[in-house]
Amino acid sequence: MIDSHTHILPNKPNKLIEEFGEEKVLLEMFSNEQKISTPDELMESMNLNNIQKSIVLGYGWTNFSLLQASNQFNLNIAQKNTSKLIPFFSINPMFKGNLEEMEKCINLGGKGAGEIHPSIQELDMYEKNIWKDSLKLLQENSLPLIIHSSEPVGHMYPGKGTAYPENIYKFIKLFPDNTIILAHWGGGLLFYELMKEVKEISKNVYYDTAASSFLYNPKIFELAIDIVGSEKIIFGSDFPILSPKRILNEMKNLKEQDLMNITEKNIKNILNLN
Ligand SMILES: [Zn+2]
């Protein structure tokens, strides 16, 4: 079993602010005692939940030195725990050194980019020019991009942002050949896959289940399988915000084949882990 959406931080948020200065992710997402995890705590939780591998994602950093430090941390930890951790790296196409940083991370074993956070990073998702080089590099290396997405309705939460289905869809239309994983069920974009043109454009799009228990009724699992098929759904917890146990429990009545696709097979195919 693979948890495809977990986060670790290179240090405590207040220490990172001391070292790198005030930064939007740290201020907006970690201001009120948000849970954070060390790599050891993550691996302990994996053992308890029978999870063999986890993808450690980056955040939507707005400070380039912090982005680089966080990437290096993920790569180092994963190198020390190759059987357990799969490193992704943060990107921010607004920074001048972004492409070089991406190349460096790819050479050091980074398996994908993200989780980018369009609102916090103030990224224009409609502007192809900002993105085209980064997306080309990812495509050339068969690496996915994971994007934080959120619902245009419902309750607020730290870091919710405005990467709504409408915005995300425009981005996907610009890069339909890239493999894109939309976090948090794509903010609901998957429901629009009932529309023929959305389904067609989204053929390389996957949806992860991160933080699902905080957002949706557990019925979403069966509904989502019905709409997009279990081949397009990827299990992610959003640990340490949410324990993988809770999401796995919500999936326990799914058909074995669906569960296998969601918790293992799809992500292995994307990352060529077979
Ligand atoms: Zn997210």
# chains A, B, ... in the order shown; residues from 1 in each chain; ligands from 1
$ residues_near_ligand --ligand "ligand 1" --cutoff "7 Å" --atoms "only C-alpha atoms and all ligand atoms" --output "JSON list (two decimals) with N, CA and C atoms, in the first residue's frame"
[["chain", "number", "residue", "atom", "x", "y", "z"],
["A", 115, "GLU", "N", 3.45, 19.40, -3.82],
["A", 115, "GLU", "CA", 2.13, 19.91, -4.16],
["A", 115, "GLU", "C", 2.24, 21.41, -4.38],
["A", 148, "HIS", "N", -2.59, 21.36, -5.46],
["A", 148, "HIS", "CA", -3.61, 21.54, -4.41],
["A", 148, "HIS", "C", -4.87, 22.11, -5.07],
["A", 149, "SER", "N", -6.00, 21.53, -4.78],
["A", 149, "SER", "CA", -7.27, 22.03, -5.34],
["A", 149, "SER", "C", -8.25, 22.20, -4.19],
["A", 183, "ALA", "N", -5.07, 17.15, -5.99],
["A", 183, "ALA", "CA", -5.26, 16.80, -4.59],
["A", 183, "ALA", "C", -6.70, 17.09, -4.17],
["A", 184, "HIS", "N", -7.11, 16.43, -3.12],
["A", 184, "HIS", "CA", -8.41, 16.69, -2.49],
["A", 184, "HIS", "C", -9.57, 16.57, -3.49]]
$ residues_around --residues "A:Pro218" --least-positions-apart "3" --cutoff "12 Å" --atoms "only C-alpha atoms" --output "ChimeraX atom specification"
/A:209,211-215,221-224,246-254
$ atom_distance --atom1 "atom CA of A:Leu27" --atom2 "atom CA of A:Ala78"
26.5 Å
$ atom_distance --atom1 "atom CA of A:Ile17" --atom2 "atom CA of A:Ser243"
26.4 Å
$ select_by_dssp --residues "stretch 84-120 of chain A" --states "strand (DSSP E or B)" --output "JSON, numbers by chain"
{"A": [85, 86, 87, 89, 113, 114, 115, 116]}
$ select_by_dssp --residues "stretch 93-201 of chain A" --states "helix (DSSP H, G or I)" --output "VMD selection string"
chain A and resid 98 to 107 128 to 140 165 to 174 184 to 194 196 to 201
$ decode --residues "stretch 70-111 of chain A" --atoms "N, CA and C atoms" --output "short mmCIF file (atom, residue, chain, number, x, y, z; two decimals), in the first residue's frame"
data_model
loop_
_atom_site.label_atom_id
_atom_site.label_comp_id
_atom_site.auth_asym_id
_atom_site.auth_seq_id
_atom_site.Cartn_x
_atom_site.Cartn_y
_atom_site.Cartn_z
N SER A 70 13.78 22.66 1.58
CA SER A 70 12.73 21.66 1.77
C SER A 70 12.89 20.52 0.75
N ASN A 71 13.24 20.87 -0.48
CA ASN A 71 13.49 19.83 -1.49
C ASN A 71 14.67 18.95 -1.09
N GLN A 72 15.73 19.60 -0.65
CA GLN A 72 16.93 18.84 -0.26
C GLN A 72 16.61 17.90 0.91
N PHE A 73 15.81 18.40 1.82
CA PHE A 73 15.42 17.59 2.98
C PHE A 73 14.64 16.34 2.53
N ASN A 74 13.65 16.55 1.67
CA ASN A 74 12.87 15.40 1.18
C ASN A 74 13.76 14.40 0.45
N LEU A 75 14.66 14.91 -0.38
CA LEU A 75 15.53 14.01 -1.16
C LEU A 75 16.48 13.24 -0.25
N ASN A 76 17.03 13.93 0.75
CA ASN A 76 17.97 13.27 1.68
C ASN A 76 17.28 12.18 2.49
N ILE A 77 16.13 12.53 3.04
CA ILE A 77 15.40 11.57 3.88
C ILE A 77 15.00 10.35 3.06
N ALA A 78 14.56 10.61 1.84
CA ALA A 78 14.13 9.49 1.00
C ALA A 78 15.32 8.61 0.61
N GLN A 79 16.48 9.25 0.44
CA GLN A 79 17.67 8.48 0.08
C GLN A 79 18.08 7.55 1.23
N LYS A 80 17.84 8.04 2.46
CA LYS A 80 18.17 7.20 3.63
C LYS A 80 17.13 6.11 3.87
N ASN A 81 15.95 6.29 3.28
CA ASN A 81 14.86 5.33 3.51
C ASN A 81 14.24 4.93 2.17
N THR A 82 15.09 4.48 1.26
CA THR A 82 14.62 4.25 -0.13
C THR A 82 13.47 3.26 -0.21
N SER A 83 13.39 2.33 0.73
CA SER A 83 12.32 1.34 0.61
C SER A 83 10.99 1.91 1.10
N LYS A 84 11.03 3.05 1.79
CA LYS A 84 9.80 3.56 2.40
C LYS A 84 9.30 4.90 1.87
N LEU A 85 10.23 5.79 1.51
CA LEU A 85 9.80 7.14 1.15
C LEU A 85 10.13 7.47 -0.30
N ILE A 86 9.18 8.11 -0.97
CA ILE A 86 9.35 8.53 -2.36
C ILE A 86 9.31 10.06 -2.37
N PRO A 87 10.39 10.71 -2.81
CA PRO A 87 10.42 12.17 -2.70
C PRO A 87 9.80 12.89 -3.91
N PHE A 88 8.97 13.87 -3.64
CA PHE A 88 8.54 14.84 -4.64
C PHE A 88 9.23 16.17 -4.28
N PHE A 89 9.25 17.09 -5.23
CA PHE A 89 9.94 18.37 -4.98
C PHE A 89 9.01 19.54 -5.30
N SER A 90 9.17 20.60 -4.51
CA SER A 90 8.38 21.82 -4.74
C SER A 90 8.89 22.56 -5.96
N ILE A 91 7.98 23.22 -6.64
CA ILE A 91 8.39 24.11 -7.73
C ILE A 91 7.66 25.44 -7.58
N ASN A 92 8.24 26.46 -8.17
CA ASN A 92 7.57 27.75 -8.26
C ASN A 92 8.13 28.44 -9.50
N PRO A 93 7.36 28.38 -10.61
CA PRO A 93 7.87 28.88 -11.89
C PRO A 93 8.15 30.38 -11.91
N MET A 94 7.75 31.09 -10.84
CA MET A 94 8.02 32.53 -10.81
C MET A 94 9.46 32.82 -10.40
N PHE A 95 10.15 31.80 -9.86
CA PHE A 95 11.55 32.01 -9.47
C PHE A 95 12.48 31.74 -10.63
N LYS A 96 13.50 32.57 -10.72
CA LYS A 96 14.44 32.50 -11.84
C LYS A 96 15.16 31.15 -11.89
N GLY A 97 15.51 30.60 -10.73
CA GLY A 97 16.27 29.35 -10.73
C GLY A 97 15.41 28.10 -10.74
N ASN A 98 14.12 28.27 -11.04
CA ASN A 98 13.20 27.13 -10.89
C ASN A 98 13.57 25.92 -11.73
N LEU A 99 13.90 26.16 -13.01
CA LEU A 99 14.19 25.02 -13.89
C LEU A 99 15.45 24.28 -13.46
N GLU A 100 16.46 25.03 -13.06
CA GLU A 100 17.71 24.41 -12.59
C GLU A 100 17.44 23.59 -11.33
N GLU A 101 16.61 24.14 -10.46
CA GLU A 101 16.26 23.41 -9.23
C GLU A 101 15.51 22.12 -9.57
N MET A 102 14.61 22.22 -10.54
CA MET A 102 13.87 21.01 -10.96
C MET A 102 14.82 19.95 -11.50
N GLU A 103 15.74 20.39 -12.36
CA GLU A 103 16.70 19.44 -12.95
C GLU A 103 17.54 18.77 -11.88
N LYS A 104 17.96 19.58 -10.92
CA LYS A 104 18.77 19.05 -9.81
C LYS A 104 17.98 17.99 -9.04
N CYS A 105 16.73 18.31 -8.73
CA CYS A 105 15.91 17.37 -7.96
C CYS A 105 15.64 16.09 -8.74
N ILE A 106 15.43 16.24 -10.04
CA ILE A 106 15.19 15.04 -10.87
C ILE A 106 16.44 14.15 -10.86
N ASN A 107 17.60 14.79 -11.01
CA ASN A 107 18.85 14.02 -10.99
C ASN A 107 19.10 13.33 -9.65
N LEU A 108 18.59 13.94 -8.59
CA LEU A 108 18.80 13.35 -7.26
C LEU A 108 17.68 12.39 -6.85
N GLY A 109 16.81 12.07 -7.80
CA GLY A 109 15.82 11.03 -7.52
C GLY A 109 14.41 11.51 -7.25
N GLY A 110 14.13 12.79 -7.45
CA GLY A 110 12.76 13.30 -7.28
C GLY A 110 11.82 12.63 -8.28
N LYS A 111 10.67 12.19 -7.81
CA LYS A 111 9.76 11.40 -8.65
C LYS A 111 8.54 12.18 -9.12
#
